[in-house]
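K.L.:
Sharing coords_21.cif (mmCIF, C-alpha atoms) below.
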data_final
loop_
_atom_site.label_atom_id
_atom_site.label_comp_id
_atom_site.auth_asym_id
_atom_site.auth_seq_id
_atom_site.Cartn_x
_atom_site.Cartn_y
_atom_site.Cartn_z
CA MET A 1 -13.98 -16.53 5.89
CA ASN A 2 -15.42 -13.02 5.79
CA GLN A 3 -14.06 -9.86 7.37
CA TYR A 4 -16.33 -8.13 9.88
CA PHE A 5 -16.27 -5.05 12.10
CA ALA A 6 -18.08 -4.91 15.45
CA THR A 7 -18.96 -1.43 16.69
CA VAL A 8 -18.65 -0.90 20.46
CA ALA A 9 -18.80 1.91 22.99
CA ARG A 10 -15.60 3.85 23.50
CA GLY A 11 -13.35 2.16 26.05
CA LEU A 12 -14.94 -1.29 25.67
CA GLU A 13 -12.82 -2.40 22.68
CA THR A 14 -10.64 -4.85 24.65
CA ILE A 15 -13.60 -6.40 26.52
CA ALA A 16 -15.46 -6.86 23.21
CA ALA A 17 -12.36 -8.38 21.57
CA GLN A 18 -12.11 -10.96 24.38
CA GLU A 19 -15.80 -11.77 23.98
CA LEU A 20 -15.39 -12.23 20.20
CA GLU A 21 -12.46 -14.61 20.75
CA ARG A 22 -14.59 -16.68 23.17
CA LEU A 23 -17.29 -16.89 20.48
CA GLY A 24 -14.75 -18.26 17.98
CA ALA A 25 -13.71 -15.17 15.98
CA GLN A 26 -10.35 -15.19 14.14
CA ASP A 27 -7.84 -12.34 13.49
CA VAL A 28 -9.35 -10.22 16.26
CA LYS A 29 -7.97 -6.65 16.23
CA PRO A 30 -9.38 -3.94 18.52
CA ASP A 31 -9.57 -0.43 17.05
CA PHE A 32 -11.12 2.87 18.21
CA THR A 33 -14.80 2.15 19.09
CA GLY A 34 -14.72 -1.17 17.28
CA VAL A 35 -13.10 -4.54 16.69
CA TYR A 36 -12.07 -6.12 13.38
CA PHE A 37 -12.48 -9.88 13.17
CA ALA A 38 -12.91 -12.72 10.68
CA GLY A 39 -15.15 -15.77 10.55
CA ASP A 40 -17.73 -17.72 8.59
CA ARG A 41 -21.47 -17.12 8.32
CA ALA A 42 -22.20 -19.24 11.40
CA LEU A 43 -19.90 -16.96 13.43
CA LEU A 44 -21.69 -13.85 12.14
CA TYR A 45 -25.03 -15.28 13.32
CA ARG A 46 -23.55 -16.48 16.62
CA VAL A 47 -22.03 -13.07 17.46
CA ASN A 48 -25.36 -11.34 16.82
CA LEU A 49 -27.13 -13.91 18.99
CA TRP A 50 -24.65 -14.15 21.89
CA SER A 51 -22.67 -10.91 22.17
CA ARG A 52 -23.38 -8.94 25.35
CA THR A 53 -21.03 -5.96 24.74
CA ILE A 54 -21.34 -5.13 21.01
CA PHE A 55 -23.64 -2.61 19.27
CA ARG A 56 -23.58 -3.80 15.66
CA VAL A 57 -21.74 -6.22 13.38
CA LEU A 58 -20.87 -4.72 10.00
CA MET A 59 -19.72 -6.61 6.91
CA PRO A 60 -17.55 -4.33 4.70
CA ILE A 61 -18.25 -4.72 0.96
CA ALA A 62 -16.17 -1.85 -0.44
CA GLU A 63 -13.37 0.48 0.60
CA PHE A 64 -12.31 3.45 -1.53
CA ARG A 65 -10.75 6.90 -1.60
CA CYS A 66 -13.30 9.59 -1.06
CA TYR A 67 -12.57 13.34 -0.85
CA ASN A 68 -15.99 14.76 -1.67
CA SER A 69 -19.59 13.98 -2.56
CA ASP A 70 -18.94 13.50 -6.31
CA MET A 71 -16.26 10.92 -5.61
CA LEU A 72 -18.53 9.18 -3.11
CA TYR A 73 -21.38 9.03 -5.63
CA ARG A 74 -19.12 7.60 -8.37
CA GLU A 75 -17.62 4.92 -6.11
CA VAL A 76 -21.00 3.79 -4.75
CA GLN A 77 -22.28 3.52 -8.35
CA LYS A 78 -19.46 1.06 -9.17
CA ILE A 79 -20.87 -1.52 -6.73
CA PRO A 80 -23.24 -4.05 -8.38
CA TRP A 81 -26.20 -3.35 -6.07
CA ASP A 82 -28.41 -5.97 -7.71
CA GLU A 83 -26.29 -8.54 -5.83
CA TYR A 84 -27.65 -7.19 -2.55
CA LEU A 85 -30.94 -5.51 -3.31
CA ASP A 86 -34.05 -5.70 -5.53
CA PRO A 87 -36.07 -2.55 -6.28
CA GLU A 88 -38.89 -4.19 -4.24
CA ASN A 89 -36.61 -4.22 -1.14
CA THR A 90 -36.44 -1.23 1.18
CA LEU A 91 -33.17 0.30 2.30
CA ALA A 92 -31.72 2.78 4.80
CA VAL A 93 -28.26 4.32 5.07
CA ASN A 94 -26.40 5.24 8.26
CA CYS A 95 -23.32 7.43 8.13
CA THR A 96 -20.54 7.75 10.71
CA GLY A 97 -17.41 9.92 10.62
CA GLY A 98 -16.62 12.55 8.02
CA ASN A 99 -13.94 14.73 6.45
CA GLU A 100 -13.55 18.36 5.39
CA ASN A 101 -15.94 18.10 2.43
CA LEU A 102 -18.25 15.40 3.80
CA ASN A 103 -18.99 16.87 7.22
CA HIS A 104 -22.75 16.33 7.41
CA THR A 105 -23.71 12.69 8.02
CA HIS A 106 -27.28 13.13 6.76
CA PHE A 107 -26.06 14.58 3.44
CA THR A 108 -23.43 11.83 3.06
CA ALA A 109 -26.06 9.12 3.66
CA LEU A 110 -28.31 10.82 1.08
CA GLN A 111 -25.51 10.73 -1.53
CA VAL A 112 -25.11 6.97 -1.01
CA LYS A 113 -28.87 6.40 -1.29
CA ASN A 114 -29.08 8.53 -4.48
CA ALA A 115 -26.23 6.63 -6.13
CA ILE A 116 -27.96 3.29 -5.43
CA ALA A 117 -31.39 4.56 -6.53
CA ASP A 118 -29.99 6.03 -9.79
CA GLN A 119 -28.25 2.73 -10.60
CA GLN A 120 -31.52 0.84 -10.00
CA ARG A 121 -33.52 3.26 -12.16
CA LEU A 122 -31.12 2.76 -15.08
CA GLN A 123 -31.20 -1.01 -14.68
CA PHE A 124 -34.84 -1.73 -13.72
CA ASN A 125 -36.68 1.53 -14.32
CA LYS A 126 -37.68 1.54 -10.64
CA ARG A 127 -35.91 1.98 -7.30
CA SER A 128 -36.00 0.86 -3.68
CA ASN A 129 -37.92 2.90 -1.14
CA VAL A 130 -36.34 4.13 2.07
CA ASP A 131 -37.61 2.62 5.32
CA VAL A 132 -35.75 4.13 8.26
CA GLU A 133 -37.45 1.91 10.85
CA HIS A 134 -37.33 -1.61 9.35
CA PRO A 135 -35.30 -1.66 6.12
CA ASP A 136 -34.61 -4.90 4.25
CA LEU A 137 -31.03 -3.71 3.80
CA LEU A 138 -29.29 -1.40 6.26
CA ILE A 139 -26.11 0.12 4.82
CA ASN A 140 -23.35 1.83 6.80
CA ILE A 141 -20.92 4.32 5.30
CA HIS A 142 -17.92 5.32 7.43
CA ILE A 143 -15.72 8.23 6.34
CA HIS A 144 -12.29 8.79 7.88
CA GLN A 145 -10.00 11.40 6.28
CA ASP A 146 -9.87 10.50 2.57
CA ARG A 147 -11.08 6.88 2.97
CA ALA A 148 -14.60 5.47 2.99
CA ILE A 149 -15.74 2.00 4.06
CA LEU A 150 -19.14 0.82 2.91
CA SER A 151 -20.68 -2.05 4.88
CA LEU A 152 -23.88 -4.02 5.28
CA ASP A 153 -25.25 -3.90 8.83
CA SER A 154 -25.97 -7.50 9.87
CA SER A 155 -27.60 -6.53 13.17
CA GLY A 156 -30.32 -4.18 11.98
CA GLY A 157 -31.07 -2.27 15.18
CA SER A 158 -28.37 -1.82 17.83
CA LEU A 159 -27.80 -5.02 19.83
CA HIS A 160 -27.83 -3.09 23.14
CA ARG A 161 -31.61 -2.87 22.73
CA ARG A 162 -32.24 -6.33 24.07
CA GLY A 163 -36.01 -5.90 23.90
CA TYR A 164 -36.62 -6.82 27.55
CA ARG A 165 -36.58 -3.27 28.87
CA PRO A 166 -39.80 -1.32 28.31
CA ALA A 167 -39.27 0.53 31.60
CA MET A 168 -36.26 2.79 31.93
CA GLY A 169 -35.07 4.97 34.78
CA LEU A 170 -33.86 8.56 34.53
CA ALA A 171 -30.23 7.82 33.69
CA PRO A 172 -30.16 4.15 32.69
CA LEU A 173 -26.99 2.26 31.91
CA LYS A 174 -26.92 0.72 28.45
CA GLU A 175 -27.20 -3.07 28.63
CA THR A 176 -23.89 -3.42 26.75
CA LEU A 177 -22.09 -1.25 29.33
CA ALA A 178 -23.67 -3.17 32.22
CA ALA A 179 -22.46 -6.46 30.68
CA ALA A 180 -18.97 -4.96 30.20
CA LEU A 181 -18.85 -3.75 33.83
CA LEU A 182 -19.54 -7.32 34.99
CA GLU A 183 -16.54 -8.43 32.89
CA MET A 184 -14.32 -5.65 34.24
CA ALA A 185 -15.32 -6.61 37.79
CA GLU A 186 -14.39 -10.22 36.94
CA TRP A 187 -17.79 -11.38 38.19
CA THR A 188 -18.53 -15.02 37.43
CA PRO A 189 -21.85 -16.84 38.03
CA ASP A 190 -20.39 -18.79 40.98
CA LEU A 191 -20.15 -15.53 42.99
CA PRO A 192 -23.06 -13.65 44.62
CA PHE A 193 -23.84 -10.30 42.95
CA LEU A 194 -25.41 -7.16 44.43
CA ASP A 195 -26.30 -3.73 43.04
CA PRO A 196 -27.39 -1.63 46.06
CA MET A 197 -28.71 1.25 43.88
CA CYS A 198 -30.15 -0.78 41.03
CA GLY A 199 -32.62 1.70 39.51
CA SER A 200 -34.51 -0.03 36.70
CA GLY A 201 -32.35 -3.11 37.22
CA THR A 202 -29.94 -3.24 34.27
CA LEU A 203 -26.94 -4.64 36.20
CA PRO A 204 -28.79 -7.46 38.05
CA LEU A 205 -30.68 -8.28 34.82
CA GLU A 206 -27.48 -8.61 32.78
CA ALA A 207 -25.86 -10.63 35.60
CA THR A 208 -28.84 -13.01 35.62
CA LEU A 209 -28.82 -13.45 31.83
CA LYS A 210 -25.12 -14.27 32.01
CA GLY A 211 -25.59 -16.52 35.07
CA LEU A 212 -28.36 -18.50 33.36
CA ASN A 213 -26.41 -18.58 30.05
CA ILE A 214 -29.26 -16.86 28.20
CA ALA A 215 -28.26 -15.45 24.78
CA PRO A 216 -29.34 -11.76 24.65
CA GLY A 217 -30.33 -12.16 20.98
CA LEU A 218 -33.18 -14.52 21.95
CA PHE A 219 -35.23 -11.42 22.87
CA ARG A 220 -35.11 -10.09 19.30
CA GLU A 221 -37.44 -11.08 16.49
CA LYS A 222 -35.33 -9.78 13.62
CA PHE A 223 -31.71 -9.22 12.66
CA GLY A 224 -30.47 -7.41 9.55
CA PHE A 225 -28.88 -10.53 8.00
CA MET A 226 -32.29 -12.25 7.82
CA SER A 227 -33.13 -10.12 4.74
CA TRP A 228 -29.80 -10.80 3.01
CA ARG A 229 -29.75 -12.83 -0.21
CA ASP A 230 -27.50 -15.46 1.35
CA PHE A 231 -29.52 -15.89 4.58
CA ASP A 232 -29.15 -19.53 5.65
CA GLU A 233 -32.38 -20.23 7.53
CA PRO A 234 -31.58 -23.87 8.52
CA LEU A 235 -28.22 -22.74 9.97
CA TRP A 236 -29.91 -19.93 11.89
CA ASP A 237 -32.63 -22.25 13.22
CA LYS A 238 -29.92 -24.64 14.42
CA LEU A 239 -27.99 -21.89 16.25
CA TRP A 240 -31.23 -20.53 17.77
CA ALA A 241 -32.22 -23.99 19.02
CA GLU A 242 -28.73 -24.51 20.49
CA ALA A 243 -29.02 -21.20 22.34
CA GLU A 244 -32.47 -22.10 23.71
CA ASN A 245 -31.20 -25.50 24.87
CA SER A 246 -28.11 -24.13 26.61
CA GLU A 247 -30.14 -22.04 29.07
CA LEU A 248 -29.62 -23.09 32.71
CA PRO A 249 -32.64 -23.65 35.00
CA GLU A 250 -31.23 -21.94 38.13
CA LEU A 251 -28.56 -19.44 39.19
CA LYS A 252 -25.59 -20.87 41.12
CA GLN A 253 -25.56 -17.88 43.49
CA VAL A 254 -27.81 -15.05 44.60
CA VAL A 255 -28.22 -12.05 42.26
CA ALA A 256 -29.80 -9.10 44.07
CA GLY A 257 -30.81 -5.52 43.38
CA CYS A 258 -31.85 -2.95 45.98
CA ASP A 259 -33.16 0.58 45.70
CA ARG A 260 -34.87 3.04 48.02
CA ASP A 261 -37.33 4.09 45.29
CA SER A 262 -40.37 1.81 44.98
CA ASP A 263 -41.22 3.15 41.49
CA MET A 264 -37.74 2.19 40.29
CA LEU A 265 -38.12 -1.32 41.71
CA THR A 266 -41.49 -1.66 39.96
CA GLN A 267 -39.70 -0.85 36.68
CA ALA A 268 -36.92 -3.34 37.50
CA ARG A 269 -39.46 -6.09 38.21
CA THR A 270 -41.32 -5.30 34.98
CA ASN A 271 -38.06 -5.61 33.03
CA ALA A 272 -37.22 -8.93 34.74
CA GLN A 273 -40.69 -10.21 33.85
CA GLN A 274 -40.21 -9.17 30.19
CA ALA A 275 -36.93 -11.10 30.18
CA GLY A 276 -38.63 -14.18 31.66
CA ILE A 277 -36.39 -14.16 34.75
CA SER A 278 -38.60 -12.46 37.35
CA GLY A 279 -38.36 -15.31 39.86
CA LYS A 280 -34.56 -15.41 39.66
CA ILE A 281 -33.48 -11.96 40.94
CA GLN A 282 -33.97 -10.84 44.54
CA PHE A 283 -35.23 -7.24 44.42
CA ALA A 284 -35.75 -5.37 47.69
CA GLN A 285 -36.69 -1.82 48.67
CA THR A 286 -33.86 -0.82 51.00
CA GLU A 287 -32.50 2.46 52.32
CA LEU A 288 -28.75 2.51 51.72
CA SER A 289 -28.14 2.98 55.46
CA GLN A 290 -29.95 -0.36 56.12
CA LEU A 291 -28.03 -2.34 53.49
CA GLU A 292 -26.60 -5.72 54.56
CA ALA A 293 -24.45 -8.21 52.64
CA PRO A 294 -26.52 -11.16 51.32
CA ALA A 295 -23.51 -13.51 51.58
CA ASP A 296 -20.02 -13.58 53.11
CA ARG A 297 -18.29 -12.88 49.77
CA GLY A 298 -19.26 -11.65 46.33
CA VAL A 299 -19.15 -8.75 43.88
CA LEU A 300 -20.98 -5.47 44.40
CA ILE A 301 -21.27 -2.89 41.61
CA CYS A 302 -23.10 0.40 41.93
CA ASN A 303 -23.60 3.37 39.66
CA PRO A 304 -24.51 6.18 42.09
CA PRO A 305 -25.48 9.61 40.75
CA TYR A 306 -22.49 11.86 40.09
CA GLY A 307 -24.17 15.19 39.40
CA GLU A 308 -24.04 14.82 35.60
CA ARG A 309 -27.63 13.79 34.86
CA LEU A 310 -28.96 13.06 38.35
CA GLY A 311 -28.36 14.79 41.67
CA ASP A 312 -26.31 17.80 42.67
CA ALA A 313 -22.58 17.08 42.93
CA SER A 314 -22.20 19.22 46.08
CA GLU A 315 -24.92 17.27 47.92
CA LEU A 316 -23.64 13.85 46.86
CA GLY A 317 -20.47 13.81 48.99
CA ASP A 318 -22.37 12.38 51.97
CA LEU A 319 -23.77 9.56 49.83
CA TYR A 320 -20.27 8.53 48.68
CA LYS A 321 -18.93 8.71 52.24
CA MET A 322 -21.82 6.48 53.40
CA LEU A 323 -21.02 3.95 50.64
CA GLY A 324 -17.42 3.79 51.89
CA ASP A 325 -18.53 3.26 55.51
CA ILE A 326 -21.00 0.51 54.54
CA PHE A 327 -18.42 -1.29 52.38
CA LYS A 328 -15.86 -1.20 55.20
CA ASN A 329 -18.20 -2.32 57.99
CA ARG A 330 -20.62 -4.75 56.30
CA PHE A 331 -18.97 -6.15 53.16
CA LYS A 332 -15.74 -7.74 54.36
CA GLY A 333 -14.71 -10.48 51.91
CA TRP A 334 -16.37 -8.71 48.95
CA ASN A 335 -15.00 -6.82 45.96
CA ALA A 336 -16.95 -3.58 45.59
CA PHE A 337 -17.00 -1.31 42.53
CA ILE A 338 -18.30 2.23 42.06
CA LEU A 339 -18.79 3.72 38.59
CA THR A 340 -18.41 7.49 38.83
CA GLY A 341 -17.90 10.40 36.48
CA ASN A 342 -16.72 12.72 39.26
CA LYS A 343 -13.18 12.34 40.66
CA GLU A 344 -13.88 14.54 43.70
CA LEU A 345 -16.87 12.41 44.72
CA GLY A 346 -14.75 9.27 44.28
CA LYS A 347 -12.35 10.61 46.93
CA LYS A 348 -15.22 10.96 49.43
CA VAL A 349 -15.54 7.15 49.63
CA GLY A 350 -12.53 7.27 51.95
CA LEU A 351 -11.19 3.81 51.05
CA ARG A 352 -8.08 2.94 49.09
CA THR A 353 -8.82 1.73 45.57
CA SER A 354 -7.03 -1.39 44.33
CA ARG A 355 -7.81 -0.52 40.70
CA ARG A 356 -9.11 2.44 38.71
CA ILE A 357 -10.47 1.42 35.30
CA PRO A 358 -11.29 4.20 32.79
CA VAL A 359 -14.66 3.72 31.08
CA PHE A 360 -17.17 5.88 29.19
CA ASN A 361 -20.86 6.03 30.12
CA GLY A 362 -22.20 7.34 26.82
CA SER A 363 -20.05 10.43 26.21
CA ILE A 364 -19.22 10.92 29.92
CA PRO A 365 -15.67 9.86 30.88
CA CYS A 366 -15.96 7.79 34.06
CA THR A 367 -13.83 5.59 36.30
CA LEU A 368 -14.73 2.19 37.70
CA LEU A 369 -13.23 2.22 41.21
CA LYS A 370 -12.40 -1.16 42.73
CA TYR A 371 -12.22 -1.78 46.50
CA GLU A 372 -10.95 -5.10 47.86
CA LEU A 373 -12.62 -5.39 51.27
CA TYR A 374 -10.48 -7.70 53.38
#
Will you turn the file into structure tokens for me?

P.N.:
Amino acid sequence: MNQYFATVARGLETIAAQELERLGAQDVKPDFTGVYFAGDRALLYRVNLWSRTIFRVLMPIAEFRCYNSDMLYREVQKIPWDEYLDPENTLAVNCTGGNENLNHTHFTALQVKNAIADQQRLQFNKRSNVDVEHPDLLINIHIHQDRAILSLDSSGGSLHRRGYRPAMGLAPLKETLAAALLEMAEWTPDLPFLDPMCGSGTLPLEATLKGLNIAPGLFREKFGFMSWRDFDEPLWDKLWAEAENSELPELKQVVAGCDRDSDMLTQARTNAQQAGISGKIQFAQTELSQLEAPADRGVLICNPPYGERLGDASELGDLYKMLGDIFKNRFKGWNAFILTGNKELGKKVGLRTSRRIPVFNGSIPCTLLKYELY
């Protein structure tokens, strides 16, 4: 059993912890913007392959006291780096957090890299090169007060970059947040799903991947752990084949996305095509005022503009009022959700919420408003 740490967006810790438990993780403990858990190598690979809500999976290799850059350098030098890295391998270092003396992440990362390079030079007379884009070993250093945790990044790039989305709208939801919203809305594949303002399609795409039981990691060619010394290729091939074979041929219920903007829908269709699911989602160009329910029950989630990155907050009141009217008149039997970062606009919907779930969209504090439409 190894100890791992999954990094997640702020506010999604509990959702990610539940997902990790479903994937078989042990000792699951949510923390601020992350979740501690334990498991074997197969679990590490499985989480990278299957997780829909996590950014990265880190494997801590050292924890130490660290007040300043000299202390950091000395502690990093104590680690036998030849167990993880040859001078022929490339490396990169990411830094998060900080303290009074280590308050510049770029400088902190540089200290770690220098300590490793100096150890290699003494030992082999040569050192690893830095490759920021595709390193053989990606190292993470996290500083909090006088403690530092040094980890290997098993994911490589962030897992929210599924690889199916070349086309992005103006203010796109991250795929991990879209997947988490589906969990918060308690959407399951046996219920119809609709996003009436779908933009470049992230919510219907994530719903379809979940509905067809497609592992998001199948879109990636490389994970960080593939360059590790202990990479078990037969185990990985087995887990990959299992994931491919567990894909379902058809959705149980309709998944639909509408938008008034034809350019946005073109992007959404391109993304669906990239994900190999273009025939599965019903996309339609629809003015909001013309919107009709595709079934007599289901889950609707929308992320209308709230004047933060798109639209003018003062002009958006009418849009929110229209959403409320449409929900009330045309979506009886549905559960509808609005993600908004503007409390005043939320009030304009004019319906009573049955739940208000706090959530962050990037750094913007938002609320997911739930309406049970009897």

K.L.:
Please build the interface table for region 136-219 of chain A against region 12-36 of chain A with a cut-off of 8 Å, listing for each qualifying residue the nearest atom pair and the distance in Å to one decimal; count only C-alpha atoms, order rows by chain and increasing number, and write it as a Markdown table.

P.N.:
| residue | atom | partner | partner_atom | distance |
| --- | --- | --- | --- | --- |
| A:Ala180 | CA | A:Ile15 | CA | 6.7 |
| A:Glu183 | CA | A:Ile15 | CA | 7.3 |
| A:Met184 | CA | A:Ile15 | CA | 7.8 |

K.L.:
Could you save those same residues with C-alpha atoms as a tab-separated table (two decimals), in the coordinates of the input?

P.N.:
chain	number	residue	atom	x	y	z
A	180	ALA	CA	-18.97	-4.96	30.20
A	183	GLU	CA	-16.54	-8.43	32.89
A	184	MET	CA	-14.32	-5.65	34.24

K.L.:
Of the residues A:Thr208, A:Gln290, A:Thr176, A:Asn245, which is the one nearest to Phe360 (chain A), using all atoms listed in the file?

P.N.:
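Closest to Phe360 (chain A) of all the choices is A:Thr176.
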
K.L.:
Find the residue from A:Asn48, A:Thr202, A:Gln120, A:Gln274 that sits nearest to Gly224 (chain A); use all atoms listed in the file when measuring.

P.N.:
A:Asn48

K.L.:
The PyMOL selection byres ((chain A and resi 211) around 9) on the file shown: which residues, as a VMD selection string?

P.N.:
chain A and resid 188 to 190 206 to 210 212 to 214 248 250 to 253 255

K.L.:
From the options A:Arg220, A:His160, A:His144, A:Arg260, which residue's atoms come nearest to Val57 (chain A), counting all atoms listed in the file?

P.N.:
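Closest residue, counting all atoms listed in the file: A:His160.
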
K.L.:
Near Ala115 (chain A), within 12 Å and counting all atoms listed in the file, which residues show up once chain neighbours fewer than 4 positions away are dropped, as a ChimeraX atom specification?

P.N.:
/A:69-81,93,108-111,119-122,127-128

K.L.:
Between A:Arg229, A:Lys280, A:Arg356, A:Arg269, single out the one closest to Tyr84 (chain A), counting all atoms listed in the file.

P.N.:
A:Arg229

K.L.:
What residues have an atom no more than 9 Å from (-34.9, -1.7, 13.0) in the file's own frame, counting all atoms listed in the file, and can you write them as a list in words?

P.N.:
Val132, Glu133, His134, Pro135, Leu138, Ser155, Gly156, Gly157, Ser158, Lys222, Phe223 and Gly224 of chain A

K.L.:
So how far away is CA of Val299 (chain A) from CA of Leu182 (chain A), in Å?

P.N.:
9.0 Å

K.L.:
Show me, as an mmCIF file with C-alpha atoms, in the coordinates of the input, the residues that have an atom within 6 Å of Val359 (chain A) when counting only C-alpha atoms, minus same-chain residues fewer than 4 positions from it.

P.N.:
data_model
loop_
_atom_site.group_PDB
_atom_site.id
_atom_site.type_symbol
_atom_site.label_atom_id
_atom_site.label_comp_id
_atom_site.auth_asym_id
_atom_site.auth_seq_id
_atom_site.Cartn_x
_atom_site.Cartn_y
_atom_site.Cartn_z
ATOM 1 C CA GLY A 11 -13.350 2.160 26.050
ATOM 2 C CA CYS A 366 -15.960 7.790 34.060
ATOM 3 C CA THR A 367 -13.830 5.590 36.300
#

K.L.:
Taking into account all atoms listed in the file, which residue in the set A:Gln273, A:Ser262, A:Asn114, A:Gln145 is nearest to Arg165 (chain A)?

P.N.:
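Ranking A:Gln273, A:Ser262, A:Asn114, A:Gln145 by distance to Arg165 (chain A), first place goes to A:Gln273.
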
K.L.:
Kindly list the centre and edge lengths in Å, rounded to one decimal, for the axis-aligned box that covers all listed atoms of region 204-222 of chain A plus 8 Å on each of its six sides, as AutoDock Vina command-line options.

P.N.:
--center_x -31.3 --center_y -13.0 --center_z 25.8 --size_x 28.3 --size_y 27.1 --size_z 40.4

K.L.:
Looking at all atoms listed in the file, which of A:Asn2, A:Phe107, A:Gly346, A:Gly39 is the one that sits closest to Met59 (chain A)?

P.N.:
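Residue with the minimum atom-to-atom distance to Met59 (chain A): A:Asn2.
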